[in-house]
$ cat coords.cif   # mmCIF, C-alpha atoms
data_input
#
loop_
_atom_site.label_atom_id
_atom_site.label_comp_id
_atom_site.auth_asym_id
_atom_site.auth_seq_id
_atom_site.Cartn_x
_atom_site.Cartn_y
_atom_site.Cartn_z
CA MET I 120 0.00 0.00 0.00
CA ALA I 121 1.41 3.39 -0.96
CA ASP I 122 2.01 5.87 1.85
CA PRO I 123 -0.29 8.93 1.89
CA PRO I 124 1.08 12.50 1.73
CA ARG I 125 3.22 13.28 4.78
CA PRO I 126 3.45 16.37 7.00
CA PRO I 127 6.55 18.58 6.72
CA ARG I 128 9.79 17.28 8.20
CA PRO I 129 13.44 18.24 8.38
CA GLY I 130 15.62 17.80 5.36
CA PRO I 131 14.50 17.90 1.78
CA PRO I 132 10.71 17.65 1.51
CA PRO I 133 9.18 14.85 -0.58
CA LEU I 134 8.62 15.74 -4.21
CA PRO I 135 5.11 17.13 -4.64
CA LEU I 136 3.02 15.95 -7.54
CA THR I 137 1.57 19.31 -8.45
CA SER I 138 3.56 22.43 -9.12
CA GLN I 139 6.77 22.69 -11.11
CA PRO I 140 8.30 25.42 -8.88
CA ALA I 141 7.66 23.34 -5.78
CA ARG I 142 9.34 20.36 -7.41
CA GLN I 143 12.31 22.51 -8.32
CA ALA I 144 12.49 23.81 -4.75
CA ALA I 145 12.53 20.25 -3.43
CA ARG I 146 15.34 19.33 -5.82
CA ILE I 147 17.29 22.38 -4.72
CA ALA I 148 16.76 21.39 -1.06
CA GLU I 149 17.98 17.85 -1.78
CA GLN I 150 20.95 19.18 -3.68
CA ASP I 151 21.61 21.61 -0.85
CA GLU I 152 21.65 18.80 1.69
CA ALA I 153 23.89 16.60 -0.46
CA ASP I 154 26.22 19.55 -0.84
CA LEU I 155 26.21 20.17 2.93
CA VAL I 156 27.03 16.51 3.60
CA ALA I 157 29.86 16.53 1.06
CA ARG I 158 31.32 19.70 2.55
CA ALA I 159 30.96 18.40 6.10
CA ALA I 160 32.71 15.17 5.10
CA ALA I 161 35.54 17.24 3.68
CA GLY I 162 36.00 18.94 7.05
CA ASP I 163 33.83 22.04 6.64
CA ARG I 164 32.51 22.61 10.17
CA ASP I 165 30.06 25.28 9.08
CA ALA I 166 28.38 22.75 6.81
CA PHE I 167 28.28 20.26 9.66
CA GLY I 168 26.78 22.96 11.88
CA ALA I 169 24.04 23.57 9.31
CA LEU I 170 23.23 19.86 9.28
CA VAL I 171 23.15 19.71 13.08
CA GLU I 172 20.82 22.70 13.17
CA ARG I 173 18.54 21.16 10.56
CA TYR I 174 18.21 17.84 12.40
CA ALA I 175 18.55 19.00 16.02
CA GLY I 176 14.79 19.04 16.66
CA VAL I 177 13.99 15.61 15.30
CA ALA I 178 17.11 14.05 16.86
CA ARG I 179 16.26 15.43 20.30
CA ARG I 180 12.62 14.30 20.07
CA VAL I 181 13.46 10.78 18.88
CA ALA I 182 16.06 10.42 21.63
CA ARG I 183 13.55 11.66 24.19
CA ALA I 184 10.99 9.14 22.98
CA VAL I 185 13.49 6.43 23.90
CA LEU I 186 14.99 7.90 27.05
CA GLY I 187 12.20 10.00 28.54
CA ASN I 188 14.55 12.33 30.30
CA PRO I 189 15.35 15.47 28.24
CA GLU I 190 18.93 15.81 29.53
CA ASP I 191 19.76 12.20 28.69
CA ALA I 192 18.07 12.66 25.33
CA ASP I 193 20.22 15.69 24.52
CA ASP I 194 23.37 13.78 25.51
CA ALA I 195 22.36 10.87 23.27
CA ALA I 196 21.50 13.18 20.37
CA GLN I 197 24.83 14.92 20.78
CA ASP I 198 26.74 11.62 20.83
CA ALA I 199 24.86 10.58 17.70
CA MET I 200 25.72 13.80 15.86
CA LEU I 201 29.42 13.38 16.67
CA SER I 202 29.29 9.72 15.70
CA ALA I 203 27.69 10.71 12.41
CA LEU I 204 30.47 13.24 11.82
CA LEU I 205 33.07 10.49 12.26
CA LYS I 206 31.17 8.14 9.95
CA LEU I 207 30.34 10.64 7.22
CA ASP I 208 32.76 8.97 4.82
CA GLN I 209 30.75 5.75 5.18
CA TYR I 210 27.45 7.41 4.28
CA ASP I 211 26.08 6.43 0.87
CA ARG I 212 25.26 9.78 -0.72
CA ARG I 213 22.75 8.25 -3.12
CA ARG I 214 20.45 7.62 -0.16
CA PRO I 215 18.57 10.22 1.93
CA PHE I 216 20.59 11.63 4.80
CA GLY I 217 17.78 11.89 7.39
CA PRO I 218 17.07 8.17 7.87
CA TRP I 219 20.80 7.44 8.00
CA LEU I 220 21.33 10.01 10.75
CA LEU I 221 18.23 8.99 12.69
CA ARG I 222 19.36 5.38 12.72
CA ILE I 223 22.51 6.55 14.50
CA VAL I 224 20.38 8.64 16.88
CA ALA I 225 18.08 5.70 17.65
CA ASN I 226 21.05 3.41 18.31
CA ALA I 227 22.76 6.00 20.51
CA ALA I 228 19.60 6.49 22.57
CA THR I 229 19.02 2.75 22.90
CA ASP I 230 22.63 2.17 23.97
CA ARG I 231 22.39 4.94 26.54
CA ARG I 232 19.16 3.54 27.93
CA ARG I 233 20.76 0.10 28.28
CA ARG I 234 23.79 1.55 30.02
CA ARG I 235 21.68 3.60 32.40
CA THR I 236 21.70 1.56 35.56
CA VAL I 237 19.77 3.87 37.79
CA ARG I 238 16.72 5.20 36.07
CA ARG I 239 16.31 8.85 36.86
CA ALA I 240 12.67 9.75 36.85
CA GLU I 241 11.70 12.94 35.11
CA PRO I 242 10.21 15.35 37.64
CA LEU I 243 6.47 15.51 37.28
CA ASP I 244 4.86 18.70 36.22
CA PRO I 245 3.73 20.50 39.40
CA GLY I 246 0.35 21.37 37.92
CA PHE I 247 -0.22 17.74 37.02
CA VAL I 248 0.81 16.43 40.43
CA ALA I 249 -1.47 18.84 42.23
CA GLY I 250 -4.49 17.39 40.43
CA GLY I 251 -6.52 20.52 41.10
CA PRO I 252 -8.52 22.57 38.64
CA ARG I 253 -6.67 23.43 35.46
CA PRO I 254 -6.11 27.17 35.49
CA ASP I 255 -5.49 27.67 31.80
CA THR I 256 -4.84 26.02 28.47
CA THR I 257 -1.08 25.99 29.01
CA ALA I 258 -1.45 23.96 32.17
CA GLU I 259 -3.83 21.59 30.39
CA ARG I 260 -1.40 21.09 27.58
CA ARG I 261 1.41 20.43 30.01
CA ALA I 262 -0.62 17.86 31.84
CA LEU I 263 -1.62 16.15 28.60
CA ALA I 264 2.01 16.15 27.47
CA GLN I 265 2.99 14.55 30.76
CA ARG I 266 0.35 11.85 30.35
CA LEU I 267 1.43 11.22 26.79
CA ARG I 268 5.05 10.84 27.86
CA GLU I 269 4.01 8.35 30.51
CA ALA I 270 1.93 6.43 27.99
CA LEU I 271 4.84 6.45 25.56
CA ALA I 272 7.13 5.12 28.27
CA GLU I 273 4.83 2.13 28.71
CA LEU I 274 5.14 1.17 25.05
CA PRO I 275 7.93 -1.09 23.82
CA GLU I 276 10.87 0.99 22.64
CA ARG I 277 10.55 0.09 18.94
CA ARG I 278 6.83 0.91 18.95
CA ARG I 279 7.56 4.24 20.58
CA MET I 280 10.12 5.21 17.96
CA ALA I 281 7.92 4.01 15.10
CA VAL I 282 4.94 6.16 16.08
CA VAL I 283 7.09 9.22 16.77
CA LEU I 284 8.89 8.93 13.44
CA PHE I 285 5.58 8.39 11.61
CA ASP I 286 3.16 10.82 13.23
CA VAL I 287 5.51 13.47 14.59
CA GLU I 288 8.41 13.52 12.14
CA GLY I 289 6.52 12.54 9.01
CA TYR I 290 8.72 9.69 7.80
CA SER I 291 7.20 7.00 5.60
CA HIS I 292 6.92 3.36 6.66
CA GLY I 293 9.76 2.47 4.29
CA GLU I 294 12.06 5.10 5.75
CA ILE I 295 11.21 4.04 9.31
CA ALA I 296 11.95 0.45 8.35
CA GLU I 297 15.37 1.61 7.22
CA ILE I 298 15.95 3.63 10.39
CA LEU I 299 14.91 0.85 12.78
CA GLY I 300 16.28 -2.01 10.68
CA ILE I 301 12.98 -3.92 10.63
CA PRO I 302 10.57 -4.96 7.84
CA GLU I 303 8.08 -2.40 6.59
CA GLY I 304 5.14 -4.60 7.61
CA THR I 305 6.44 -4.64 11.18
CA VAL I 306 6.63 -0.85 11.14
CA ARG I 307 2.96 -0.65 10.08
CA SER I 308 1.99 -3.00 12.88
CA GLU I 309 4.03 -1.11 15.49
CA VAL I 310 2.53 2.23 14.44
CA PHE I 311 -0.97 0.78 14.53
CA HIS I 312 -0.62 -0.61 18.07
CA ALA I 313 1.07 2.51 19.42
CA ARG I 314 -1.59 4.79 17.96
CA ARG I 315 -4.39 2.65 19.36
CA ARG I 316 -2.98 3.10 22.86
CA LEU I 317 -2.19 6.80 22.52
CA ARG I 318 -5.45 7.69 20.82
CA ALA I 319 -7.39 6.01 23.60
CA LEU I 320 -5.53 8.21 26.03
CA LEU I 321 -6.35 11.34 24.05
CA VAL I 322 -10.03 10.39 23.81
CA ASP I 323 -10.18 9.79 27.58
CA TRP I 324 -8.54 13.14 28.10
CA LYS I 325 -11.11 14.94 25.97
CA GLU I 326 -13.97 13.17 27.72
CA ASP I 327 -12.56 14.14 31.13
CA GLU I 328 -12.54 17.80 30.13
CA MET R 130 -8.60 12.58 15.42
CA LYS R 131 -9.77 9.88 13.02
CA ASP R 132 -11.46 6.58 13.80
CA LEU R 133 -8.99 3.77 14.05
CA LEU R 134 -9.27 1.08 11.41
CA PRO R 135 -6.95 -1.94 11.30
CA PHE R 136 -5.37 -0.86 8.02
CA ASP R 137 -5.62 2.87 8.53
CA HIS R 138 -2.08 4.08 8.12
CA ARG R 139 -2.86 7.67 7.25
CA PRO R 140 -1.02 10.28 9.29
CA ASP R 141 -2.89 11.62 12.30
CA PRO R 142 -2.13 15.35 12.65
CA ALA R 143 -3.86 15.67 16.05
CA LEU R 144 -1.92 12.84 17.62
CA GLY R 145 1.26 13.98 15.89
CA GLU R 146 0.90 17.50 17.25
CA ALA R 147 0.16 16.26 20.78
CA LEU R 148 3.19 13.97 20.70
CA ARG R 149 5.38 16.71 19.30
CA ARG R 150 4.40 18.97 22.20
CA ALA R 151 5.04 16.13 24.65
CA LEU R 152 8.51 15.37 23.30
CA ASP R 153 9.65 18.85 22.47
CA PRO R 154 12.28 20.04 24.95
CA GLY R 155 10.30 23.28 25.24
CA ASP R 156 13.38 25.47 25.14
CA GLY R 157 12.54 27.00 21.75
CA THR R 158 15.07 28.34 19.30
CA GLU R 159 17.42 29.29 22.12
CA GLY R 160 17.53 25.68 23.28
CA THR R 161 18.19 24.49 19.76
CA ALA R 162 20.96 27.05 19.36
CA ALA R 163 22.50 25.95 22.66
CA PHE R 164 22.33 22.31 21.57
CA VAL R 165 23.98 23.10 18.23
CA ALA R 166 26.70 25.12 19.97
CA ARG R 167 27.34 22.23 22.36
CA VAL R 168 27.67 19.73 19.53
CA LEU R 169 29.96 22.01 17.54
CA ALA R 170 32.16 22.62 20.59
CA ARG R 171 32.60 18.86 20.97
CA ALA R 172 33.08 18.48 17.21
CA ALA R 173 36.07 20.81 17.42
CA ASP R 174 37.90 17.98 19.22
CA VAL R 175 37.13 15.55 16.42
CA PRO R 176 39.89 15.53 13.78
CA ALA R 177 38.69 16.64 10.37
CA LEU R 178 38.47 13.88 7.78
CA SER R 179 41.24 15.03 5.46
CA TRP R 180 42.28 13.03 2.39
CA ASP R 181 45.37 11.63 4.07
CA LEU R 182 43.23 10.32 6.95
CA VAL R 183 40.82 8.72 4.50
CA LEU R 184 43.69 7.18 2.54
CA ALA R 185 45.30 5.98 5.76
CA ARG R 186 42.00 4.34 6.76
CA TRP R 187 41.77 2.65 3.37
CA ALA R 188 45.43 1.61 3.56
CA ARG R 189 44.87 -0.03 6.95
CA GLY R 190 41.95 -1.93 5.50
CA GLY R 191 43.99 -2.87 2.43
CA VAL R 192 46.89 -4.21 4.49
CA ALA R 193 44.51 -6.24 6.66
CA ALA R 194 42.80 -7.64 3.56
CA ALA R 195 46.16 -8.49 1.93
CA ILE R 196 47.28 -10.38 5.06
CA LEU R 197 44.02 -12.33 5.11
CA VAL R 198 44.34 -13.19 1.42
CA ALA R 199 47.97 -14.28 1.86
CA VAL R 200 47.09 -16.51 4.83
CA ALA R 201 44.17 -18.05 2.95
CA ALA R 202 46.28 -18.61 -0.18
CA GLY R 203 49.07 -20.22 1.86
CA TYR R 204 46.60 -22.50 3.56
CA LEU R 205 45.02 -23.54 0.27
CA VAL R 206 48.37 -24.15 -1.45
CA GLY R 207 49.65 -26.20 1.48
CA ARG R 208 46.47 -28.23 1.61
CA ALA R 209 46.58 -28.88 -2.14
CA GLY R 210 50.22 -30.04 -1.94
CA ALA R 211 49.51 -32.45 0.91
CA ALA R 212 46.51 -33.94 -0.79
CA ALA R 213 48.22 -34.54 -4.19
CA PRO R 214 48.31 -38.30 -5.16
CA ALA R 215 51.71 -40.01 -5.33
CA PRO R 216 52.92 -40.76 -8.89
CA ARG R 217 52.26 -44.33 -10.09
CA PRO R 218 55.47 -46.46 -10.36
CA THR R 219 56.58 -47.43 -13.88
CA MET R 220 57.19 -51.07 -14.91
CA THR R 221 60.97 -50.53 -14.64
CA ASP R 222 60.59 -49.25 -11.06
CA VAL R 223 58.57 -52.35 -10.16
CA LEU R 224 61.14 -54.77 -11.63
CA LEU R 225 64.15 -53.01 -10.09
CA ALA R 226 62.62 -52.45 -6.70
CA PRO R 227 63.75 -54.81 -3.90
CA PRO R 228 61.25 -57.56 -3.15
CA ALA R 229 58.63 -56.78 -0.64
CA HIS R 230 59.15 -60.07 1.23
CA PRO R 231 62.84 -61.06 0.76
CA ARG R 232 62.74 -63.67 3.54
CA GLU R 233 60.12 -65.74 1.72
CA VAL R 234 62.22 -65.75 -1.49
CA GLU R 235 65.26 -66.95 0.46
CA ILE R 236 63.29 -69.80 2.04
CA VAL R 237 62.02 -70.94 -1.36
CA LEU R 238 65.50 -70.83 -2.86
CA ALA R 239 67.00 -72.73 0.06
CA SER R 240 64.40 -75.47 -0.20
CA VAL R 241 65.04 -75.82 -3.97
CA ILE R 242 68.80 -76.06 -3.42
CA ASP R 243 68.34 -78.62 -0.64
CA ASN R 244 66.20 -80.78 -2.90
CA GLN R 245 68.92 -80.81 -5.56
#

$ encode --input "coords.cif" --output "structure tokens"
Amino acid sequence: MADPPRPPRPGPPPLPLTSQPARQAARIAEQDEADLVARAAAGDRDAFGALVERYAGVARRVARAVLGNPEDADDAAQDAMLSALLKLDQYDRRRPFGPWLLRIVANAATDRRRRRTVRRAEPLDPGFVAGGPRPDTTAERRALAQRLREALAELPERRRMAVVLFDVEGYSHGEIAEILGIPEGTVRSEVFHARRRLRALLVDWKEDE
Amino acid sequence: MKDLLPFDHRPDPALGEALRRALDPGDGTEGTAAFVARVLARAADVPALSWDLVLARWARGGVAAAILVAVAAGYLVGRAGAAAPAPRPTMTDVLLAPPAHPREVEIVLASVIDNQ
């Protein structure tokens, strides 16, 4: 089954089927990224900095999906970026850069989680702990975010990463399969089960309101 | 949010947005800039991949591969030499070769001489 149109994501956007200028812009973005990678591999630190900036958000979110704790996630994302810099000469430039980098991020986060002997719990949001009336939308959003993080933490790690890469970062099933090193059918199944759990949580949340 | 069907693999913007908010560090562009600066500061300690480093890496791999090939070739040649069949003796070799059981021949000769 072909994947439907995806939301925007870092890196070159997928080629649209409609307008010629948009297609040209996508090609330029792809070319731009390939050029950045080539320059970074040749030792250009500004080019590497541009790549880090472009993928910082997605790398930090994917790492946080695995680790929960934002500080640990940033450490893992940082390790992954440096590891990618060292391995840039091994990167096949005919393939998209994003999935290659995110595979390194996912592995770095998983390794860090395995090494972490004492699990440091993320401090709960004070508004959520209090359990009192929700003063405003910001507090509600925070509480929902906290509940979502807890629900994510209950999911198996692979399922967590699959749903984040699909629904948050906009990668296709095929790309996620490449990132996680699993068959595409397994990715579809993991996304389905994760969404069923998380959607139920969101529905409950809306009904509670 | 859409109804969930078993084969519904369309993106869910509502869930995606909620998850994004949940996973976002919440430090905005300043946080991203700080993260990038941190990575670049660490990257300054990483040696740049110059051509000589790349060639040196390839050379190390090449030397290792050459050693492996040499060991494998040596093993195969040695094994082939040990397993080669011995050449078959010619008729001349058979006739000139000492008898396999000389004692038996001597006993036969002695008995013939005794009978005469």

$ residues_around --input "coords.cif" --residues "Glu276 of chain I" --least-positions-apart "2" --cutoff "12 Å" --atoms "only C-alpha atoms" --output "list of chain:residue names"
I:Val181, I:Ala182, I:Arg183, I:Ala184, I:Val185, I:Leu186, I:Gly187, I:Ala225, I:Asn226, I:Ala228, I:Thr229, I:Asp230, I:Arg232, I:Arg233, I:Ala270, I:Leu271, I:Ala272, I:Glu273, I:Leu274, I:Arg278, I:Arg279, I:Met280, I:Ala281, I:Val282, I:Val283, I:Leu299, I:Glu309, I:Val310, I:Ala313

$ resolve_selection --input "coords.cif" --expression "the PyMOL selection byres ((chain I) within 8 of (chain R))" --output "VMD selection string"
chain I and resid 122 to 123 125 to 126 160 to 162 164 168 171 to 172 175 to 176 179 to 180 183 to 184 189 193 197 200 to 201 204 to 205 261 263 to 265 267 to 268 283 285 to 287 289 307 311 315 317 to 318 321

$ resolve_selection --input "coords.cif" --expression "the PyMOL selection byres ((chain I and resi 297) around 12)" --output "PyMOL selection string"
chain I and resi 214-223+225+281+284+290-296+298-306

$ atom_distance --input "coords.cif" --atom1 "atom CA of Leu155 of chain I" --atom2 "atom CA of Leu207 of chain I"
11.2 Å

$ atom_distance --input "coords.cif" --atom1 "atom CA of Gly207 of chain R" --atom2 "atom CA of Val192 of chain R"
22.4 Å

$ residues_around --input "coords.cif" --residues "Leu170 of chain I" --least-positions-apart "3" --cutoff "9 Å" --atoms "all atoms listed in the file" --output "JSON, numbers by chain"
{"I": [130, 152, 155, 156, 159, 165, 166, 167, 173, 174, 175]}

$ atom_distance --input "coords.cif" --atom1 "atom CA of Ala199 of chain I" --atom2 "atom CA of Ala170 of chain R"
14.4 Å
